[in-house]
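Note: the block below is data.cif and it holds mmCIF, C-alpha atoms.
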```cif
data_upload
#
loop_
_atom_site.label_atom_id
_atom_site.label_comp_id
_atom_site.auth_asym_id
_atom_site.auth_seq_id
_atom_site.Cartn_x
_atom_site.Cartn_y
_atom_site.Cartn_z
CA MET A 1 16.03 11.62 -6.86
CA GLN A 2 14.15 8.44 -7.67
CA ILE A 3 11.48 7.01 -5.38
CA ILE A 4 8.89 4.25 -5.56
CA ASP A 5 5.16 4.48 -4.97
CA ILE A 6 4.26 1.16 -3.35
CA GLY A 7 0.51 1.78 -3.54
CA ILE A 8 -1.35 3.47 -6.38
CA ASN A 9 -4.89 2.45 -7.35
CA LEU A 10 -4.13 3.12 -10.98
CA MET A 11 -7.02 1.06 -12.31
CA ASN A 12 -9.51 3.24 -10.44
CA LYS A 13 -12.12 4.60 -12.83
CA SER A 14 -11.01 8.17 -12.12
CA PHE A 15 -7.86 7.40 -14.15
CA ASN A 16 -9.70 5.85 -17.10
CA PHE A 17 -9.20 8.83 -19.38
CA ASP A 18 -5.58 9.75 -18.66
CA ARG A 19 -3.87 6.66 -17.25
CA GLU A 20 -0.94 6.94 -19.67
CA GLU A 21 -0.44 10.56 -18.67
CA ILE A 22 -0.41 9.61 -14.98
CA VAL A 23 2.37 7.10 -15.67
CA GLU A 24 4.32 9.68 -17.66
CA ASN A 25 3.85 12.28 -14.89
CA ALA A 26 5.23 9.80 -12.38
CA LYS A 27 8.27 9.08 -14.51
CA ASN A 28 8.98 12.79 -15.02
CA ALA A 29 8.74 13.34 -11.25
CA GLY A 30 11.29 10.60 -10.57
CA VAL A 31 8.69 8.18 -9.24
CA THR A 32 9.58 4.89 -10.88
CA PRO A 33 8.79 2.08 -10.69
CA ILE A 34 5.25 2.23 -9.34
CA ILE A 35 3.21 -0.61 -7.87
CA ILE A 36 -0.49 -0.85 -8.72
CA THR A 37 -2.72 -2.09 -5.92
CA GLY A 38 -5.07 -4.98 -6.66
CA SER A 39 -8.09 -4.79 -4.35
CA SER A 40 -10.56 -7.18 -5.98
CA LEU A 41 -10.30 -10.04 -8.43
CA ILE A 42 -11.30 -7.74 -11.28
CA SER A 43 -8.93 -4.92 -10.34
CA SER A 44 -6.12 -7.42 -9.71
CA LYS A 45 -6.54 -8.81 -13.23
CA LEU A 46 -6.67 -5.33 -14.73
CA SER A 47 -3.63 -4.26 -12.71
CA ALA A 48 -1.56 -7.27 -13.75
CA ASN A 49 -2.52 -6.90 -17.40
CA TYR A 50 -1.60 -3.22 -17.38
CA ALA A 51 1.65 -3.70 -15.46
CA SER A 52 2.77 -6.48 -17.82
CA LYS A 53 2.98 -3.87 -20.60
CA TYR A 54 5.66 -1.94 -18.67
CA PRO A 55 8.32 -4.42 -17.48
CA GLN A 56 10.43 -3.10 -14.59
CA MET A 57 8.53 0.20 -14.70
CA ILE A 58 5.18 -0.93 -13.30
CA TYR A 59 4.40 -3.82 -10.97
CA SER A 60 1.16 -4.87 -9.30
CA THR A 61 -0.30 -6.77 -6.38
CA ALA A 62 -3.10 -9.33 -6.45
CA GLY A 63 -5.60 -9.50 -3.63
CA ILE A 64 -9.05 -9.01 -2.17
CA HIS A 65 -9.69 -5.94 -0.02
CA PRO A 66 -11.90 -6.68 3.01
CA HIS A 67 -14.63 -4.54 1.44
CA ASP A 68 -14.79 -7.09 -1.39
CA ALA A 69 -14.44 -10.22 0.76
CA LYS A 70 -18.14 -10.97 0.31
CA THR A 71 -17.60 -11.41 -3.44
CA CYS A 72 -15.23 -14.36 -3.01
CA ASN A 73 -16.16 -17.90 -3.94
CA ASP A 74 -14.43 -21.29 -4.11
CA SER A 75 -12.45 -20.31 -7.21
CA THR A 76 -11.18 -16.90 -6.06
CA MET A 77 -7.93 -18.04 -4.43
CA GLY A 78 -7.12 -20.16 -7.45
CA GLU A 79 -7.61 -17.13 -9.68
CA LEU A 80 -5.36 -15.05 -7.45
CA GLU A 81 -2.71 -17.76 -7.57
CA LYS A 82 -2.73 -17.68 -11.37
CA LEU A 83 -2.22 -13.92 -11.29
CA ALA A 84 0.54 -14.23 -8.70
CA ASN A 85 2.55 -16.36 -11.11
CA LYS A 86 2.93 -13.41 -13.47
CA ASP A 87 6.33 -11.73 -13.34
CA CYS A 88 4.80 -8.30 -12.72
CA VAL A 89 2.86 -9.39 -9.60
CA VAL A 90 5.01 -8.85 -6.52
CA ALA A 91 2.71 -9.33 -3.49
CA ILE A 92 -0.58 -10.77 -2.28
CA GLY A 93 -3.03 -8.08 -1.24
CA GLU A 94 -4.43 -5.57 -0.61
CA CYS A 95 -5.89 -7.80 2.08
CA GLY A 96 -6.80 -7.54 5.74
CA LEU A 97 -9.70 -6.38 7.90
CA ASP A 98 -11.87 -3.26 7.87
CA TYR A 99 -14.39 -2.95 10.69
CA ASN A 100 -14.92 0.76 10.02
CA ARG A 101 -17.48 0.29 7.29
CA ASP A 102 -18.18 -3.43 7.43
CA PHE A 103 -18.97 -3.65 3.72
CA SER A 104 -18.38 -7.39 4.15
CA PRO A 105 -19.46 -9.42 7.21
CA ARG A 106 -16.64 -9.68 9.71
CA ASP A 107 -16.52 -13.47 9.73
CA ILE A 108 -16.20 -13.43 5.94
CA GLN A 109 -13.48 -10.80 6.15
CA ARG A 110 -11.49 -12.96 8.55
CA LYS A 111 -11.86 -16.08 6.42
CA VAL A 112 -10.79 -14.36 3.20
CA PHE A 113 -7.88 -12.69 5.01
CA LYS A 114 -6.67 -16.04 6.35
CA ASP A 115 -7.04 -17.60 2.90
CA GLN A 116 -4.83 -14.92 1.38
CA ILE A 117 -2.24 -15.34 4.11
CA ALA A 118 -2.18 -19.06 3.34
CA LEU A 119 -1.77 -18.28 -0.36
CA ALA A 120 1.12 -15.89 0.30
CA ILE A 121 2.79 -18.49 2.50
CA SER A 122 2.44 -21.22 -0.12
CA LEU A 123 3.86 -18.94 -2.83
CA LYS A 124 6.51 -17.44 -0.54
CA MET A 125 5.29 -13.96 -1.45
CA PRO A 126 4.99 -10.84 0.73
CA LEU A 127 1.66 -9.50 1.98
CA PHE A 128 0.31 -6.01 1.26
CA LEU A 129 -1.97 -5.31 4.22
CA HIS A 130 -4.96 -3.14 5.11
CA GLU A 131 -6.35 -2.59 8.62
CA ARG A 132 -8.95 -0.13 9.85
CA ASP A 133 -10.63 -0.26 13.25
CA ALA A 134 -9.83 -3.98 13.45
CA PHE A 135 -6.44 -4.05 15.13
CA LEU A 136 -7.02 -6.80 17.71
CA ASP A 137 -8.30 -9.41 15.24
CA PHE A 138 -5.87 -8.29 12.55
CA TYR A 139 -2.84 -8.52 14.83
CA SER A 140 -3.93 -11.85 16.31
CA ILE A 141 -4.27 -13.44 12.87
CA LEU A 142 -0.91 -12.07 11.71
CA LYS A 143 0.90 -13.10 14.88
CA SER A 144 -0.35 -16.69 14.69
CA ASN A 145 0.90 -16.96 11.09
CA ARG A 146 4.00 -14.77 11.30
CA PRO A 147 6.63 -17.56 11.46
CA ASN A 148 5.61 -18.71 8.00
CA ILE A 149 5.07 -15.34 6.28
CA SER A 150 8.02 -14.25 4.14
CA ASN A 151 7.39 -10.51 4.54
CA LEU A 152 4.58 -8.06 5.20
CA VAL A 153 3.85 -4.36 4.95
CA VAL A 154 1.08 -2.50 6.75
CA HIS A 155 -0.06 -0.20 3.96
CA CYS A 156 -1.23 3.35 4.71
CA PHE A 157 -0.47 3.23 8.43
CA THR A 158 -2.50 5.77 10.43
CA GLY A 159 -2.71 3.99 13.79
CA ASN A 160 -1.47 4.76 17.27
CA GLU A 161 1.88 4.14 18.98
CA LYS A 162 0.82 0.85 20.57
CA GLU A 163 -0.29 -0.50 17.21
CA LEU A 164 2.90 0.68 15.51
CA ASN A 165 5.07 -0.98 18.15
CA SER A 166 3.11 -4.21 17.75
CA TYR A 167 3.65 -4.19 14.00
CA ILE A 168 7.34 -3.44 14.43
CA ASP A 169 7.63 -6.34 16.87
CA LEU A 170 6.20 -8.59 14.14
CA GLY A 171 8.85 -7.35 11.72
CA CYS A 172 6.36 -5.50 9.53
CA TYR A 173 7.35 -2.86 7.05
CA ILE A 174 5.28 0.32 7.35
CA GLY A 175 3.82 2.29 4.42
CA VAL A 176 3.33 6.02 4.98
CA THR A 177 1.05 8.16 2.79
CA GLY A 178 0.07 11.80 2.45
CA TRP A 179 -1.93 11.38 5.65
CA ILE A 180 1.21 12.72 7.33
CA CYS A 181 0.64 16.02 5.48
CA ASP A 182 -2.76 16.57 7.10
CA GLU A 183 -2.53 19.09 9.94
CA ARG A 184 -5.87 17.84 11.32
CA ARG A 185 -5.65 14.06 11.29
CA GLY A 186 -1.97 13.42 10.66
CA VAL A 187 -0.28 15.30 13.50
CA HIS A 188 0.24 12.15 15.59
CA LEU A 189 1.82 10.42 12.59
CA ARG A 190 4.47 13.13 12.33
CA ASN A 191 5.76 12.03 15.72
CA LEU A 192 5.23 8.30 15.22
CA VAL A 193 7.15 8.20 11.94
CA LYS A 194 10.31 8.81 13.96
CA LYS A 195 9.75 5.46 15.65
CA ILE A 196 9.64 3.45 12.44
CA PRO A 197 12.99 1.67 11.92
CA LEU A 198 14.62 3.23 8.86
CA GLY A 199 15.04 -0.20 7.30
CA LYS A 200 11.28 -0.81 7.50
CA LEU A 201 9.93 2.43 6.03
CA MET A 202 8.27 2.67 2.61
CA ILE A 203 6.20 5.43 1.00
CA GLU A 204 3.05 5.58 -1.10
CA THR A 205 0.31 7.84 -2.39
CA ASP A 206 -2.70 5.48 -2.27
CA GLY A 207 -3.92 7.61 -5.18
CA PRO A 208 -6.43 8.72 -6.22
CA TYR A 209 -7.13 8.98 -2.49
CA LEU A 210 -5.38 10.94 0.27
CA ILE A 211 -3.99 13.85 -1.70
CA PRO A 212 -1.64 15.79 0.64
CA ARG A 213 -3.76 18.43 2.34
CA ASP A 214 -0.91 20.96 2.43
CA LEU A 215 -0.10 20.59 -1.26
CA LYS A 216 -0.02 23.87 -3.15
CA ASP A 217 -1.90 24.08 -6.43
CA LYS A 218 -4.02 21.00 -5.85
CA PRO A 219 -5.70 19.65 -8.99
CA LYS A 220 -9.34 20.64 -9.33
CA ASP A 221 -10.45 17.01 -9.43
CA GLY A 222 -8.73 16.33 -6.09
CA ARG A 223 -7.00 13.21 -7.35
CA ASN A 224 -3.78 12.07 -5.78
CA GLU A 225 -1.19 10.57 -8.10
CA PRO A 226 2.44 9.40 -7.97
CA LYS A 227 3.90 12.74 -9.10
CA PHE A 228 2.96 14.08 -5.64
CA LEU A 229 5.03 11.44 -3.83
CA PRO A 230 8.15 13.66 -3.62
CA HIS A 231 6.09 16.11 -1.56
CA ILE A 232 5.18 13.31 0.85
CA LEU A 233 8.79 12.16 1.01
CA LYS A 234 10.01 15.66 1.86
CA THR A 235 7.43 15.94 4.64
CA ILE A 236 8.60 12.65 6.14
CA ALA A 237 12.25 13.71 5.79
CA LYS A 238 11.51 16.90 7.72
CA CYS A 239 9.71 14.95 10.44
CA ILE A 240 12.64 12.62 11.01
CA ASP A 241 15.30 15.28 10.41
CA MET A 242 16.89 13.53 7.44
CA ASP A 243 18.09 14.76 4.08
CA ALA A 244 15.40 14.05 1.49
CA GLU A 245 17.87 12.55 -1.01
CA LYS A 246 19.12 10.14 1.63
CA LEU A 247 15.58 9.16 2.58
CA ALA A 248 14.75 8.62 -1.09
CA ARG A 249 17.65 6.19 -1.45
CA LEU A 250 16.75 4.41 1.76
CA THR A 251 13.06 3.90 0.97
CA ARG A 252 13.95 2.82 -2.56
CA GLU A 253 16.38 0.21 -1.22
CA ASN A 254 13.77 -0.99 1.27
CA THR A 255 11.18 -1.34 -1.49
CA PHE A 256 13.46 -3.24 -3.87
CA LYS A 257 14.37 -5.62 -1.06
CA PHE A 258 10.80 -6.13 0.16
CA PHE A 259 9.20 -6.81 -3.22
CA ASN A 260 12.30 -8.48 -4.69
CA LEU A 261 12.24 -6.08 -7.62
CA LYS A 262 14.74 -6.53 -10.43
#
```

Spit out the file's structure as structure tokens when you get a sec.
Amino acid sequence: MQIIDIGINLMNKSFNFDREEIVENAKNAGVTPIIITGSSLISSKLSANYASKYPQMIYSTAGIHPHDAKTCNDSTMGELEKLANKDCVVAIGECGLDYNRDFSPRDIQRKVFKDQIALAISLKMPLFLHERDAFLDFYSILKSNRPNISNLVVHCFTGNEKELNSYIDLGCYIGVTGWICDERRGVHLRNLVKKIPLGKLMIETDGPYLIPRDLKDKPKDGRNEPKFLPHILKTIAKCIDMDAEKLARLTRENTFKFFNLK
């Protein structure tokens, strides 16, 4: 069984001392290729440089997370465009809106989000999206630009049924994480995952975050990593009453199609 992790923050400092081992663990667990998330200009550069060393095994995205929107200047989009021209970079993002913590002013978040949408449109690249407690503005911006966007995935979906239906109506792909393994916060997602069209479902760890809560023998450091993705896949398969091998093939096909992987 081979599956793809569409979102791993591999350049996070928690992986600084064993990054190669994390990649090898993923490969041994049948999780290949993996896609490193770029969430700032610095992390996007690091991600692209690292991914370029592993052709067809590791890819990356290039983008500015809403938390980092305040760091952008007049040259940021140009720098992202340069990164996006690399063969290993397969999407613009992680980008979007986050009104939960407001680490960047909301007007700046919206501007930087719109700038990245425009960049993705000009490059005909898909968008890797983040939204938290900002659905109305997020959806409005996406809807107004949707006719020109080639493809888009709402990464780490944890929202409600109304939000899911709205994303589906826009033709969004949906990324599901180990949140679905959390018996406290993820119960609603176990029902909602049944409503995601099978052709629009993708899976991810969002490591080192969101380690599956029901995972046996959790690592002492609490880090999530791609080798735990099969556990997430099996949980989703159980929720939608599908054979895990079949779901693995389906999500892999969806991911290759979405990111135009070779």

Task: Matched chain/residue IDs from the PyMOL selection byres ((chain A and resi 28-33) around 8), as a list of chain:residue names - done: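 Output from the PyMOL selection byres ((chain A and resi 28-33) around 8), applied to this file: A:Met1, A:Gln2, A:Ile3, A:Ile4, A:Asp5, A:Glu24, A:Asn25, A:Ala26, A:Lys27, A:Ile34, A:Ile35, A:Gln56, A:Met57, A:Ile58, A:Tyr59, A:Pro226, A:Lys227, A:Leu229, A:Pro230.
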
TODO: Write out as an MDAnalysis selection string each polymer residue whose atoms come within 10 Å of Val90 of chain A, counting only C-alpha atoms; drop sequence neighbours fewer than 4 positions from it.
DONE: chainID A and resid 35:36 48 59:62 84:86 125:128 258:261

- [ ] Using all atoms listed in the file, determine which residues lie at most 9 Å from Ile141 of chain A, disregarding the query and same-chain residues fewer than 3 positions distant; provide the list as a ChimeraX atom specification.
- [x] /A:110,113-114,136-138,144-146

Open item on the list: Measuring between only C-alpha atoms, which one of A:Ile6, A:Leu80, A:Cys172, A:Ile232 shows the shortest distance to Asp115 of chain A?
Closed with: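 Checking each candidate against Asp115 of chain A, we get A:Leu80 as the closest.
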
Task: 12 Å contact set for Lys13 of chain A, only C-alpha atoms, chain neighbours under 6 positions out, as a list in words - done: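 The filter keeps Arg19, Ser43, Leu46, Gly207, Pro208 and Arg223 of chain A.
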
- [ ] Name the residues that the PyMOL selection byres ((chain A and resi 159) around 12) picks from the file above, as a ChimeraX atom specification, using the file's chain letters and numbers.
- [x] /A:130-135,154-158,160-167,174-176,179-180,185-193

- [ ] Please provide the set of residues having any atom within 8 Å of Leu129 of chain A, restricted to all atoms listed in the file, with same-chain residues fewer than 5 positions apart removed, written as a list in words.
- [x]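 Here the answer would be Gly93, Glu94, Cys95, Gly96, Leu152, Val153, Val154 and His155 of chain A.
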
Task: Two-atom distance - atom CA of Ile8 of chain A, atom CA of Asn148 of chain A (Å) - done: 27.3 Å
